[in-house]
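protein33.cif (mmCIF, C-alpha atoms and all ligand atoms) appears below.
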```
data_data
#
loop_
_atom_site.label_atom_id
_atom_site.label_comp_id
_atom_site.auth_asym_id
_atom_site.auth_seq_id
_atom_site.Cartn_x
_atom_site.Cartn_y
_atom_site.Cartn_z
CA ALA E 1 27.92 -15.88 -32.61
CA GLN E 2 26.44 -18.30 -30.14
CA LEU E 3 23.03 -17.45 -28.78
CA PRO E 4 22.56 -17.29 -25.00
CA ALA E 5 21.32 -20.24 -22.96
CA VAL E 6 17.62 -21.06 -22.69
CA THR E 7 15.58 -23.05 -20.18
CA VAL E 8 12.59 -24.94 -21.54
CA VAL E 9 9.94 -25.73 -18.92
CA GLY E 10 7.47 -28.41 -19.99
CA LEU E 11 8.30 -31.35 -22.23
CA GLY E 12 5.08 -32.32 -23.92
CA PRO E 13 5.30 -32.66 -27.72
CA MET E 14 5.71 -28.86 -28.07
CA GLY E 15 8.37 -28.39 -25.37
CA ARG E 16 10.33 -31.36 -26.74
CA ALA E 17 10.19 -29.92 -30.25
CA MET E 18 11.31 -26.51 -28.97
CA ALA E 19 14.21 -27.94 -26.97
CA GLY E 20 15.24 -30.05 -29.98
CA THR E 21 15.12 -27.09 -32.36
CA LEU E 22 17.20 -24.91 -30.04
CA LEU E 23 19.77 -27.69 -29.63
CA ASP E 24 19.91 -28.09 -33.42
CA HIS E 25 20.98 -24.43 -33.54
CA ALA E 26 23.67 -24.98 -30.90
CA VAL E 27 21.78 -23.05 -28.23
CA PRO E 28 22.67 -24.32 -24.73
CA VAL E 29 19.41 -25.73 -23.35
CA THR E 30 18.33 -26.72 -19.86
CA VAL E 31 15.09 -28.69 -19.60
CA PHE E 32 12.70 -29.03 -16.68
CA ASN E 33 9.59 -31.17 -16.49
CA ARG E 34 7.29 -32.45 -13.74
CA THR E 35 7.83 -36.03 -14.89
CA ALA E 36 11.62 -36.14 -15.01
CA SER E 37 11.83 -39.15 -17.36
CA ARG E 38 10.24 -37.14 -20.15
CA ALA E 39 13.48 -35.15 -20.33
CA ASP E 40 15.56 -38.20 -21.28
CA ALA E 41 15.43 -37.67 -25.05
CA ALA E 42 16.36 -33.99 -24.78
CA VAL E 43 19.20 -34.85 -22.40
CA ALA E 44 20.45 -37.51 -24.82
CA ALA E 45 20.41 -34.81 -27.52
CA GLY E 46 22.61 -32.54 -25.42
CA ALA E 47 20.30 -30.68 -23.02
CA ARG E 48 21.07 -30.23 -19.35
CA ARG E 49 18.49 -31.62 -16.93
CA ALA E 50 17.26 -29.34 -14.16
CA ILE E 51 16.13 -31.30 -11.12
CA THR E 52 14.44 -28.44 -9.30
CA ALA E 53 12.60 -25.27 -10.29
CA LYS E 54 15.40 -23.24 -8.74
CA ASP E 55 17.92 -25.08 -10.88
CA ALA E 56 15.78 -24.46 -13.99
CA LEU E 57 15.44 -20.71 -13.37
CA ASP E 58 19.10 -20.22 -12.43
CA ALA E 59 20.29 -21.92 -15.64
CA ALA E 60 19.31 -19.22 -18.17
CA ASP E 61 18.04 -15.67 -18.56
CA LEU E 62 15.36 -16.77 -21.01
CA VAL E 63 12.80 -19.27 -19.69
CA ILE E 64 10.36 -20.69 -22.25
CA VAL E 65 7.28 -22.28 -20.72
CA SER E 66 5.21 -24.82 -22.69
CA LEU E 67 2.62 -26.52 -20.48
CA THR E 68 -0.97 -27.71 -20.74
CA HIS E 69 -2.32 -24.60 -19.04
CA TYR E 70 -1.24 -21.54 -17.08
CA ARG E 71 -1.94 -23.20 -13.73
CA ALA E 72 0.89 -25.66 -14.41
CA MET E 73 3.34 -22.74 -14.57
CA TYR E 74 2.55 -21.83 -10.96
CA ASP E 75 2.55 -25.49 -9.92
CA LEU E 76 6.08 -25.82 -11.29
CA LEU E 77 7.69 -22.43 -10.64
CA GLU E 78 5.91 -20.80 -7.69
CA SER E 79 8.13 -22.59 -5.18
CA ALA E 80 11.18 -20.89 -6.72
CA ALA E 81 9.56 -17.51 -7.42
CA ASP E 82 12.40 -15.78 -5.57
CA ARG E 83 14.70 -16.88 -8.44
CA LEU E 84 12.61 -15.08 -11.07
CA ALA E 85 14.26 -11.67 -10.62
CA GLY E 86 16.03 -10.56 -13.80
CA LYS E 87 14.59 -13.40 -15.92
CA VAL E 88 12.51 -13.21 -19.08
CA LEU E 89 9.58 -15.63 -18.94
CA VAL E 90 7.95 -16.49 -22.26
CA ASN E 91 4.80 -18.53 -21.82
CA LEU E 92 3.72 -20.35 -24.98
CA SER E 93 1.02 -22.40 -23.23
CA SER E 94 -2.68 -22.23 -24.01
CA GLY E 95 -4.73 -20.05 -21.68
CA THR E 96 -7.12 -17.14 -21.54
CA PRO E 97 -6.11 -13.50 -21.98
CA ARG E 98 -7.03 -12.87 -18.33
CA GLU E 99 -4.73 -15.66 -17.20
CA ALA E 100 -1.92 -14.09 -19.23
CA GLU E 101 -2.56 -10.71 -17.60
CA ARG E 102 -2.40 -12.29 -14.12
CA ALA E 103 0.74 -14.22 -15.05
CA ALA E 104 2.45 -11.07 -16.34
CA ALA E 105 1.62 -9.26 -13.09
CA TRP E 106 2.91 -12.25 -11.09
CA ALA E 107 6.19 -12.30 -13.04
CA VAL E 108 6.68 -8.54 -12.75
CA ARG E 109 5.95 -8.71 -9.01
CA HIS E 110 8.88 -11.11 -8.73
CA GLY E 111 11.19 -8.89 -10.79
CA ALA E 112 10.89 -10.79 -14.11
CA GLU E 113 9.77 -9.64 -17.55
CA PHE E 114 6.95 -11.56 -19.22
CA LEU E 115 5.93 -12.25 -22.79
CA THR E 116 2.76 -14.07 -23.75
CA GLY E 117 3.04 -16.29 -26.80
CA GLY E 118 0.61 -18.25 -28.94
CA ILE E 119 2.35 -20.62 -31.34
CA MET E 120 0.37 -21.42 -34.45
CA VAL E 121 1.84 -24.74 -35.60
CA PRO E 122 1.84 -28.35 -34.36
CA ALA E 123 4.97 -29.82 -32.79
CA THR E 124 6.19 -31.31 -36.08
CA LEU E 125 6.44 -27.82 -37.62
CA VAL E 126 8.22 -26.04 -34.76
CA GLY E 127 11.28 -24.43 -36.37
CA ASP E 128 9.82 -24.72 -39.87
CA ASP E 129 9.76 -21.71 -42.21
CA THR E 130 5.96 -21.70 -42.08
CA ALA E 131 5.82 -21.50 -38.28
CA TYR E 132 4.80 -18.28 -36.59
CA ALA E 133 3.79 -17.22 -33.11
CA PHE E 134 1.88 -14.24 -31.76
CA TYR E 135 3.58 -12.33 -28.95
CA SER E 136 2.32 -9.64 -26.63
CA GLY E 137 3.93 -7.77 -23.77
CA PRO E 138 6.84 -5.32 -23.74
CA ARG E 139 8.09 -4.90 -27.31
CA GLU E 140 11.71 -4.33 -26.27
CA VAL E 141 11.76 -7.71 -24.52
CA LEU E 142 10.66 -9.47 -27.71
CA ASP E 143 13.20 -7.46 -29.73
CA ARG E 144 15.95 -8.43 -27.29
CA TRP E 145 15.15 -12.14 -27.61
CA SER E 146 13.84 -12.31 -31.15
CA ASP E 147 16.95 -14.03 -32.58
CA THR E 148 16.39 -16.96 -30.24
CA LEU E 149 12.58 -17.03 -30.43
CA ALA E 150 12.67 -16.81 -34.23
CA LEU E 151 14.39 -20.22 -34.30
CA LEU E 152 11.10 -21.73 -33.09
CA ALA E 153 8.62 -19.66 -35.08
CA ARG E 154 8.52 -16.26 -36.79
CA PRO E 155 7.48 -13.77 -34.10
CA GLU E 156 4.40 -11.64 -34.81
CA TYR E 157 4.11 -8.85 -32.26
CA VAL E 158 0.48 -7.90 -31.58
CA GLY E 159 0.68 -5.37 -28.75
CA ALA E 160 1.68 -4.49 -25.20
CA ASP E 161 -1.42 -5.88 -23.46
CA PRO E 162 -0.31 -9.32 -22.16
CA GLY E 163 -3.63 -10.93 -23.12
CA LEU E 164 -3.52 -10.03 -26.80
CA ALA E 165 -1.32 -12.86 -28.07
CA LEU E 166 -3.74 -15.39 -26.59
CA LEU E 167 -6.73 -13.59 -28.06
CA TRP E 168 -5.17 -13.81 -31.53
CA TYR E 169 -4.27 -17.44 -30.88
CA GLN E 170 -7.79 -18.23 -29.68
CA ALA E 171 -9.51 -16.40 -32.54
CA LEU E 172 -7.70 -18.57 -35.08
CA LEU E 173 -8.28 -21.73 -33.05
CA ASP E 174 -11.96 -20.76 -32.76
CA LEU E 175 -12.14 -20.83 -36.55
CA PHE E 176 -9.97 -23.95 -36.79
CA MET E 177 -11.91 -26.03 -34.28
CA THR E 178 -15.38 -25.03 -35.44
CA THR E 179 -14.30 -25.93 -38.98
CA LEU E 180 -13.01 -29.33 -37.85
CA VAL E 181 -16.16 -30.04 -35.85
CA GLY E 182 -18.29 -28.83 -38.77
CA THR E 183 -16.45 -31.28 -41.00
CA SER E 184 -17.11 -34.13 -38.55
CA HIS E 185 -20.77 -33.18 -38.40
CA ALA E 186 -21.11 -33.09 -42.18
CA ALA E 187 -19.37 -36.47 -42.43
CA ALA E 188 -21.79 -37.93 -39.84
CA LEU E 189 -24.72 -36.63 -41.87
CA MET E 190 -23.44 -38.45 -44.95
CA LYS E 191 -22.58 -41.58 -42.98
CA SER E 192 -26.22 -41.75 -41.85
CA ALA E 193 -26.97 -42.60 -45.48
CA GLY E 194 -24.05 -45.03 -45.71
CA VAL E 195 -21.71 -42.69 -47.61
CA GLN E 196 -18.12 -43.27 -46.53
CA ALA E 197 -16.04 -40.34 -45.31
CA GLU E 198 -13.51 -41.38 -47.93
CA THR E 199 -16.09 -40.54 -50.61
CA PHE E 200 -17.37 -37.38 -48.97
CA LEU E 201 -14.26 -35.64 -47.62
CA PRO E 202 -12.76 -34.66 -51.01
CA TYR E 203 -15.85 -32.46 -51.47
CA ALA E 204 -15.27 -30.96 -48.01
CA SER E 205 -11.67 -30.15 -48.98
CA ASP E 206 -12.86 -28.47 -52.18
CA LEU E 207 -15.30 -26.32 -50.23
CA LEU E 208 -12.66 -25.31 -47.67
CA ALA E 209 -10.31 -24.35 -50.51
CA GLN E 210 -13.04 -22.03 -51.83
CA MET E 211 -13.49 -20.25 -48.49
CA PRO E 212 -11.27 -17.25 -49.38
CA PHE E 213 -13.79 -16.49 -52.15
CA PHE E 214 -16.62 -16.42 -49.58
CA LEU E 215 -14.59 -14.22 -47.25
CA ASP E 216 -13.96 -11.67 -49.96
CA GLY E 217 -15.56 -8.45 -48.74
CA ALA E 218 -16.19 -9.80 -45.22
CA ALA E 219 -13.63 -7.46 -43.64
CA GLU E 220 -15.33 -4.34 -45.04
CA GLU E 221 -18.75 -5.66 -44.06
CA ILE E 222 -17.73 -6.30 -40.47
CA ASP E 223 -15.69 -3.12 -40.09
CA ARG E 224 -18.48 -0.95 -41.57
CA ARG E 225 -21.33 -3.06 -40.21
CA GLU E 226 -23.05 -2.94 -43.57
CA TYR E 227 -24.07 -6.17 -45.27
CA PRO E 228 -25.14 -5.76 -48.87
CA ASP E 229 -27.10 -8.72 -50.28
CA VAL E 230 -25.01 -9.92 -53.21
CA GLY E 231 -26.93 -13.11 -53.86
CA ALA E 232 -27.07 -14.78 -50.43
CA SER E 233 -29.55 -13.10 -48.12
CA LEU E 234 -29.70 -13.81 -44.43
CA ALA E 235 -33.29 -15.10 -44.80
CA MET E 236 -32.18 -17.65 -47.42
CA MET E 237 -29.31 -18.89 -45.21
CA ALA E 238 -31.60 -19.08 -42.17
CA ALA E 239 -34.00 -21.34 -44.08
CA GLY E 240 -31.10 -23.52 -45.27
CA ILE E 241 -29.60 -24.10 -41.82
CA ASP E 242 -33.07 -24.84 -40.44
CA HIS E 243 -33.28 -27.72 -42.91
CA ILE E 244 -29.84 -28.99 -41.87
CA ALA E 245 -30.79 -28.99 -38.18
CA THR E 246 -34.02 -30.89 -38.95
CA THR E 247 -32.23 -33.40 -41.21
CA SER E 248 -29.66 -34.00 -38.42
CA GLU E 249 -32.48 -34.78 -35.98
CA ASP E 250 -34.10 -37.10 -38.53
CA ALA E 251 -30.73 -38.83 -38.99
CA GLN E 252 -30.48 -39.22 -35.19
CA ILE E 253 -27.10 -37.57 -35.01
CA ASP E 254 -26.31 -34.72 -32.65
CA SER E 255 -28.02 -31.65 -34.09
CA ARG E 256 -26.69 -29.04 -31.66
CA LEU E 257 -24.07 -27.64 -34.01
CA PRO E 258 -26.47 -26.71 -36.85
CA ALA E 259 -29.09 -25.74 -34.24
CA ALA E 260 -26.66 -23.24 -32.70
CA VAL E 261 -25.95 -21.75 -36.14
CA ARG E 262 -29.69 -21.74 -36.90
CA ASP E 263 -30.35 -19.85 -33.67
CA LEU E 264 -27.80 -17.19 -34.59
CA TYR E 265 -29.41 -16.68 -38.01
CA ARG E 266 -32.85 -16.55 -36.36
CA ARG E 267 -31.63 -13.94 -33.92
CA ALA E 268 -30.27 -11.81 -36.80
CA LEU E 269 -33.68 -12.20 -38.47
CA ASP E 270 -35.30 -10.92 -35.26
CA LEU E 271 -32.91 -7.96 -35.34
CA GLY E 272 -34.32 -7.10 -38.78
CA PHE E 273 -31.51 -8.27 -41.08
CA GLY E 274 -33.54 -10.73 -43.17
CA GLY E 275 -33.14 -8.73 -46.38
CA HIS E 276 -29.44 -8.02 -45.79
CA GLY E 277 -26.51 -10.19 -46.76
CA SER E 278 -25.86 -13.31 -44.70
CA GLY E 279 -22.78 -11.70 -43.14
CA SER E 280 -25.22 -9.78 -40.95
CA VAL E 281 -25.24 -12.84 -38.66
CA TYR E 282 -22.31 -10.94 -37.12
CA GLU E 283 -24.88 -8.61 -35.53
CA ALA E 284 -26.44 -11.54 -33.64
CA ILE E 285 -23.01 -12.55 -32.33
CA VAL E 286 -22.13 -9.13 -30.94
CA ALA E 287 -25.63 -8.55 -29.50
CA PRO E 288 -26.42 -11.91 -27.89
CA ALA E 289 -30.02 -12.70 -26.92
CA GLN E 290 -30.64 -12.04 -23.21
P1 LIG F 1 0.77 -31.10 -23.31
O1 LIG F 1 -0.57 -30.85 -22.76
O2 LIG F 1 1.14 -32.47 -23.77
O3 LIG F 1 1.89 -30.54 -22.30
C1 LIG F 1 2.16 -31.29 -21.29
C2 LIG F 1 3.19 -30.62 -20.40
O4 LIG F 1 2.53 -29.91 -19.36
C3 LIG F 1 4.03 -31.67 -19.79
O5 LIG F 1 5.31 -31.13 -19.58
C4 LIG F 1 3.31 -31.91 -18.46
O6 LIG F 1 4.13 -32.45 -17.50
C5 LIG F 1 2.96 -30.47 -18.12
N1 LIG F 1 1.93 -30.31 -17.11
C6 LIG F 1 0.57 -30.40 -17.27
N2 LIG F 1 -0.05 -30.15 -16.11
C7 LIG F 1 0.92 -29.88 -15.20
C8 LIG F 1 0.90 -29.50 -13.84
N3 LIG F 1 -0.24 -29.35 -13.16
N4 LIG F 1 2.09 -29.27 -13.24
C9 LIG F 1 3.23 -29.39 -13.91
N5 LIG F 1 3.31 -29.73 -15.21
C10 LIG F 1 2.18 -29.96 -15.84
O7 LIG F 1 0.93 -30.11 -24.42
P2 LIG F 1 1.82 -29.92 -25.72
O8 LIG F 1 3.26 -30.12 -25.49
O9 LIG F 1 1.14 -30.60 -26.85
O10 LIG F 1 1.52 -28.36 -25.82
C11 LIG F 1 2.00 -27.43 -24.87
C12 LIG F 1 1.19 -26.16 -25.00
O11 LIG F 1 1.26 -25.69 -26.35
C13 LIG F 1 -0.28 -26.39 -24.69
O12 LIG F 1 -0.76 -25.28 -23.97
C14 LIG F 1 -0.93 -26.45 -26.06
O13 LIG F 1 -2.28 -25.99 -26.05
C15 LIG F 1 -0.04 -25.54 -26.88
N6 LIG F 1 0.01 -25.90 -28.29
C16 LIG F 1 0.08 -27.21 -28.67
C17 LIG F 1 0.12 -27.54 -30.00
C18 LIG F 1 0.21 -28.98 -30.43
O14 LIG F 1 0.03 -29.25 -31.63
N7 LIG F 1 0.51 -29.93 -29.53
C19 LIG F 1 0.10 -26.52 -31.05
C20 LIG F 1 0.09 -25.17 -30.56
C21 LIG F 1 0.04 -24.90 -29.23
P3 LIG F 1 4.23 -34.07 -17.36
O15 LIG F 1 5.15 -34.53 -18.47
O16 LIG F 1 4.79 -34.27 -16.01
O17 LIG F 1 2.83 -34.61 -17.52
#
```
Go ahead and render the structure in this file as structure tokens.
Ligand code: NDP
Amino acid sequence: AQLPAVTVVGLGPMGRAMAGTLLDHAVPVTVFNRTASRADAAVAAGARRAITAKDALDAADLVIVSLTHYRAMYDLLESAADRLAGKVLVNLSSGTPREAERAAAWAVRHGAEFLTGGIMVPATLVGDDTAYAFYSGPREVLDRWSDTLALLARPEYVGADPGLALLWYQALLDLFMTTLVGTSHAAALMKSAGVQAETFLPYASDLLAQMPFFLDGAAEEIDRREYPDVGASLAMMAAGIDHIATTSEDAQIDSRLPAAVRDLYRRALDLGFGGHGSGSVYEAIVAPAQ
């Protein structure tokens, strides 16, 4: 059976990939974008072009929003807010949990239902078997639209609070981005001695592949807030990162990343965790220095 029509608002790489995936599954799609010309490819592939926000909202019961930030949603749709009644708005844009809460309240005030989404793949993998997205908001709304949304990414429901999907999304991006920046920093350290990234990065990949081993037991440690020393004490790690910060300064590269990590280990030392396992740095993160 044919799935109901969808409007896609926002045609950056993600919105274009979503519109394309829906069209591939014979879903009737209307597209709406601030810069109208960016809709040309989707229109050539069979989408309908909405010229106004009113047109975009009237075209389908499900409206998927994929914009740079939450503010853009208001910039685009506020003028037609009186057409929101009875619609389901699914915002898959980046934002903060608070922004999602305000957006949900805004949508509900105008008679719409609202789901927050956080999609965990790049545009090239939208619609792929590996793709998944966190959703929060009213469960029955996700259930009602899950056949359509599952075409883009496997839905993972994380709770009724509208902010939750973005918190999950951000937590994983927090890890992702700090890992990428850590990799760039390590490469810069090696480059200061003339070692090419091409030579160094295979070792970085090996280390990242070993990370599950280092995370073994971390969940229990954090949930119980007990950090047994199984061969890597906090004091040992604090000394090691101190050396990395100093070496970065000596190499005249930016040392703020290792210095920030060093400061967290130092703070955990101050809290008395020197003889505990290095996972006790968690205590410094949840009890920041005043
Ligand atoms: P872009 O930042 O390229 O999205 C641009 C879209 O936002 C365009 O449609 C643009 O319109 C619109 N836009 C921006 N500001 C405004 C505004 N003030 N008013 C109206 N429209 C505006 O992002 P992507 O397509 O790459 O991603 C979309 C969302 O998905 C982002 O929130 C991103 O963080 C998230 N995401 C992206 C991933 C990726 O790999 N790209 C992966 C996972 C999530 P115009 O064309 O007129 O400029």
Fewer than 6 positions away in the same chain doesn't count, so skip those; otherwise give me all residues within 12 Å of Gly182 in chain E, counting only C-alpha atoms, as a list in words. Asp174, Leu175, Phe176, Ala188, Leu189, Leu201, Ala204, Leu208, Ile244, Asp254, Ser255, Arg256, Leu257, Pro258, Ala260 and Val261 of chain E
Find the smallest box with edges along x, y and z containing every listed atom of ligand LIG 1 (chain F), then add 6 Å on each side and report centre and edge lengths in Å to one decimal, as AutoDock Vina command-line options.
```
--center_x 1.5 --center_y -29.8 --center_z -22.4 --size_x 19.6 --size_y 21.7 --size_z 30.5
```
What residues of the protein or nucleic acid chains come within 8 Å of ligand LIG 1 (chain F) when you use only C-alpha atoms and all ligand atoms? Reply as JSON, numbers by chain. {"E": [9, 10, 11, 12, 13, 14, 15, 16, 33, 34, 35, 36, 38, 66, 67, 68, 69, 70, 71, 72, 73, 74, 75, 76, 92, 93, 94, 95, 118, 119, 120, 121, 122, 123, 124]}
Write to file, as an mmCIF file, in the frame of the given file, the residues of the selection just made, with C-alpha atoms.
```
data_model
loop_
_atom_site.group_PDB
_atom_site.id
_atom_site.type_symbol
_atom_site.label_atom_id
_atom_site.label_comp_id
_atom_site.auth_asym_id
_atom_site.auth_seq_id
_atom_site.Cartn_x
_atom_site.Cartn_y
_atom_site.Cartn_z
ATOM 1 C CA VAL E 9 9.940 -25.730 -18.920
ATOM 2 C CA GLY E 10 7.470 -28.410 -19.990
ATOM 3 C CA LEU E 11 8.300 -31.350 -22.230
ATOM 4 C CA GLY E 12 5.080 -32.320 -23.920
ATOM 5 C CA PRO E 13 5.300 -32.660 -27.720
ATOM 6 C CA MET E 14 5.710 -28.860 -28.070
ATOM 7 C CA GLY E 15 8.370 -28.390 -25.370
ATOM 8 C CA ARG E 16 10.330 -31.360 -26.740
ATOM 9 C CA ASN E 33 9.590 -31.170 -16.490
ATOM 10 C CA ARG E 34 7.290 -32.450 -13.740
ATOM 11 C CA THR E 35 7.830 -36.030 -14.890
ATOM 12 C CA ALA E 36 11.620 -36.140 -15.010
ATOM 13 C CA ARG E 38 10.240 -37.140 -20.150
ATOM 14 C CA SER E 66 5.210 -24.820 -22.690
ATOM 15 C CA LEU E 67 2.620 -26.520 -20.480
ATOM 16 C CA THR E 68 -0.970 -27.710 -20.740
ATOM 17 C CA HIS E 69 -2.320 -24.600 -19.040
ATOM 18 C CA TYR E 70 -1.240 -21.540 -17.080
ATOM 19 C CA ARG E 71 -1.940 -23.200 -13.730
ATOM 20 C CA ALA E 72 0.890 -25.660 -14.410
ATOM 21 C CA MET E 73 3.340 -22.740 -14.570
ATOM 22 C CA TYR E 74 2.550 -21.830 -10.960
ATOM 23 C CA ASP E 75 2.550 -25.490 -9.920
ATOM 24 C CA LEU E 76 6.080 -25.820 -11.290
ATOM 25 C CA LEU E 92 3.720 -20.350 -24.980
ATOM 26 C CA SER E 93 1.020 -22.400 -23.230
ATOM 27 C CA SER E 94 -2.680 -22.230 -24.010
ATOM 28 C CA GLY E 95 -4.730 -20.050 -21.680
ATOM 29 C CA GLY E 118 0.610 -18.250 -28.940
ATOM 30 C CA ILE E 119 2.350 -20.620 -31.340
ATOM 31 C CA MET E 120 0.370 -21.420 -34.450
ATOM 32 C CA VAL E 121 1.840 -24.740 -35.600
ATOM 33 C CA PRO E 122 1.840 -28.350 -34.360
ATOM 34 C CA ALA E 123 4.970 -29.820 -32.790
ATOM 35 C CA THR E 124 6.190 -31.310 -36.080
#
```
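Using all atoms listed in the file, the nearest neighbour of Asp216 in chain E within the list E:Val29, E:Val286, E:Met177, E:Val230 is E:Val230.
Between CA of Ser278 in chain E and CA of Glu221 in chain E there is a distance of 10.5 Å.
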Find the residue from E:Ala186, E:Ala131, E:Leu152, E:Tyr282 that sits nearest to Ile222 in chain E; use all atoms listed in the file when measuring. E:Tyr282
Spatial neighbours of Ala245 in chain E, max dist 7 Å, only C-alpha atoms, sep filter under 3 positions, as an MDAnalysis selection string: chainID E and resid 241:242 248:249 255 258:259
Within 12 Å of Ser146 in chain E, counting only C-alpha atoms, which residues qualify if same-chain residues fewer than 5 places away don't, as an mmCIF file with C-alpha atoms, keeping the file's coordinate frame?
```cif
data_model
loop_
_atom_site.group_PDB
_atom_site.id
_atom_site.type_symbol
_atom_site.label_atom_id
_atom_site.label_comp_id
_atom_site.auth_asym_id
_atom_site.auth_seq_id
_atom_site.Cartn_x
_atom_site.Cartn_y
_atom_site.Cartn_z
ATOM 1 C CA LEU E 3 23.030 -17.450 -28.780
ATOM 2 C CA PRO E 4 22.560 -17.290 -25.000
ATOM 3 C CA LEU E 62 15.360 -16.770 -21.010
ATOM 4 C CA VAL E 90 7.950 -16.490 -22.260
ATOM 5 C CA LEU E 115 5.930 -12.250 -22.790
ATOM 6 C CA ALA E 133 3.790 -17.220 -33.110
ATOM 7 C CA TYR E 135 3.580 -12.330 -28.950
ATOM 8 C CA ARG E 139 8.090 -4.900 -27.310
ATOM 9 C CA GLU E 140 11.710 -4.330 -26.270
ATOM 10 C CA VAL E 141 11.760 -7.710 -24.520
ATOM 11 C CA LEU E 151 14.390 -20.220 -34.300
ATOM 12 C CA LEU E 152 11.100 -21.730 -33.090
ATOM 13 C CA ALA E 153 8.620 -19.660 -35.080
ATOM 14 C CA ARG E 154 8.520 -16.260 -36.790
ATOM 15 C CA PRO E 155 7.480 -13.770 -34.100
ATOM 16 C CA GLU E 156 4.400 -11.640 -34.810
ATOM 17 C CA TYR E 157 4.110 -8.850 -32.260
#
```
Grab the CA of Ala5 in chain E to CA of Ala60 in chain E distance for me, in Å with one decimal place. 5.3 Å
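Note that the spacing between CA of Arg262 in chain E and CA of Val195 in chain E amounts to 24.8 Å.
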Might you pull out every residue within 12 Å of Gly137 in chain E, with all atoms listed in the file counted and same-chain residues fewer than 2 positions away left off, and present them as an MDAnalysis selection string? chainID E and resid 88:91 97 100:101 103:105 107:108 113:117 134:135 139:143 156:166
Which residues, written as a PyMOL selection string, have at least one atom at most 10 Å from Arg48 in chain E, with all atoms listed in the file counted and residues fewer than 4 positions away on the same chain left out? chain E and resi 7+28-32+39-40+42-44+56+59
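Distance check against Ala17 in chain E using all atoms listed in the file: of E:Ala209, E:Ala268, E:Ala193, E:Leu125, the minimum falls on E:Leu125.
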Which of these residues is nearest to Gln2 in chain E, using all atoms listed in the file: E:Ala19, E:Gly127, E:Asp147, E:Ala112? E:Asp147
With distances taken over all atoms listed in the file, which residue among E:Leu149, E:Ala235, E:Thr199, E:Asp24 lies nearest Asp270 in chain E? E:Ala235
How would range 129-139 of chain E read, as a compact mmCIF listing (two decimals), in the coordinates of the input, once N, CA, C and O atoms are built in?
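Everything below was put into result_15.txt:
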```
# COMPACT_ATOMS: atom_id res chain seq x y z
N ASP E 129 9.92 -23.06 -41.64
CA ASP E 129 9.76 -21.71 -42.21
C ASP E 129 8.33 -21.20 -42.11
O ASP E 129 8.09 -19.99 -42.08
N THR E 130 7.37 -22.11 -42.11
CA THR E 130 5.96 -21.70 -42.08
C THR E 130 5.48 -21.35 -40.67
O THR E 130 4.39 -20.82 -40.51
N ALA E 131 6.28 -21.67 -39.66
CA ALA E 131 5.82 -21.50 -38.28
C ALA E 131 5.83 -20.04 -37.86
O ALA E 131 6.77 -19.30 -38.17
N TYR E 132 4.79 -19.62 -37.18
CA TYR E 132 4.80 -18.28 -36.59
C TYR E 132 4.11 -18.32 -35.24
O TYR E 132 3.35 -19.26 -34.94
N ALA E 133 4.39 -17.29 -34.44
CA ALA E 133 3.79 -17.22 -33.11
C ALA E 133 3.43 -15.78 -32.81
O ALA E 133 4.19 -14.86 -33.14
N PHE E 134 2.26 -15.58 -32.22
CA PHE E 134 1.88 -14.24 -31.76
C PHE E 134 2.55 -13.98 -30.42
O PHE E 134 2.62 -14.87 -29.57
N TYR E 135 3.02 -12.73 -30.24
CA TYR E 135 3.58 -12.33 -28.95
C TYR E 135 2.96 -11.03 -28.50
O TYR E 135 2.73 -10.13 -29.32
N SER E 136 2.71 -10.93 -27.20
CA SER E 136 2.32 -9.64 -26.63
C SER E 136 3.05 -9.44 -25.32
O SER E 136 3.50 -10.39 -24.69
N GLY E 137 3.15 -8.15 -24.95
CA GLY E 137 3.93 -7.77 -23.77
C GLY E 137 4.87 -6.65 -24.19
O GLY E 137 4.64 -6.02 -25.22
N PRO E 138 5.92 -6.43 -23.40
CA PRO E 138 6.84 -5.32 -23.74
C PRO E 138 7.61 -5.61 -25.04
O PRO E 138 8.30 -6.62 -25.15
N ARG E 139 7.46 -4.70 -25.99
CA ARG E 139 8.09 -4.90 -27.31
C ARG E 139 9.59 -5.07 -27.20
O ARG E 139 10.20 -5.89 -27.90
```
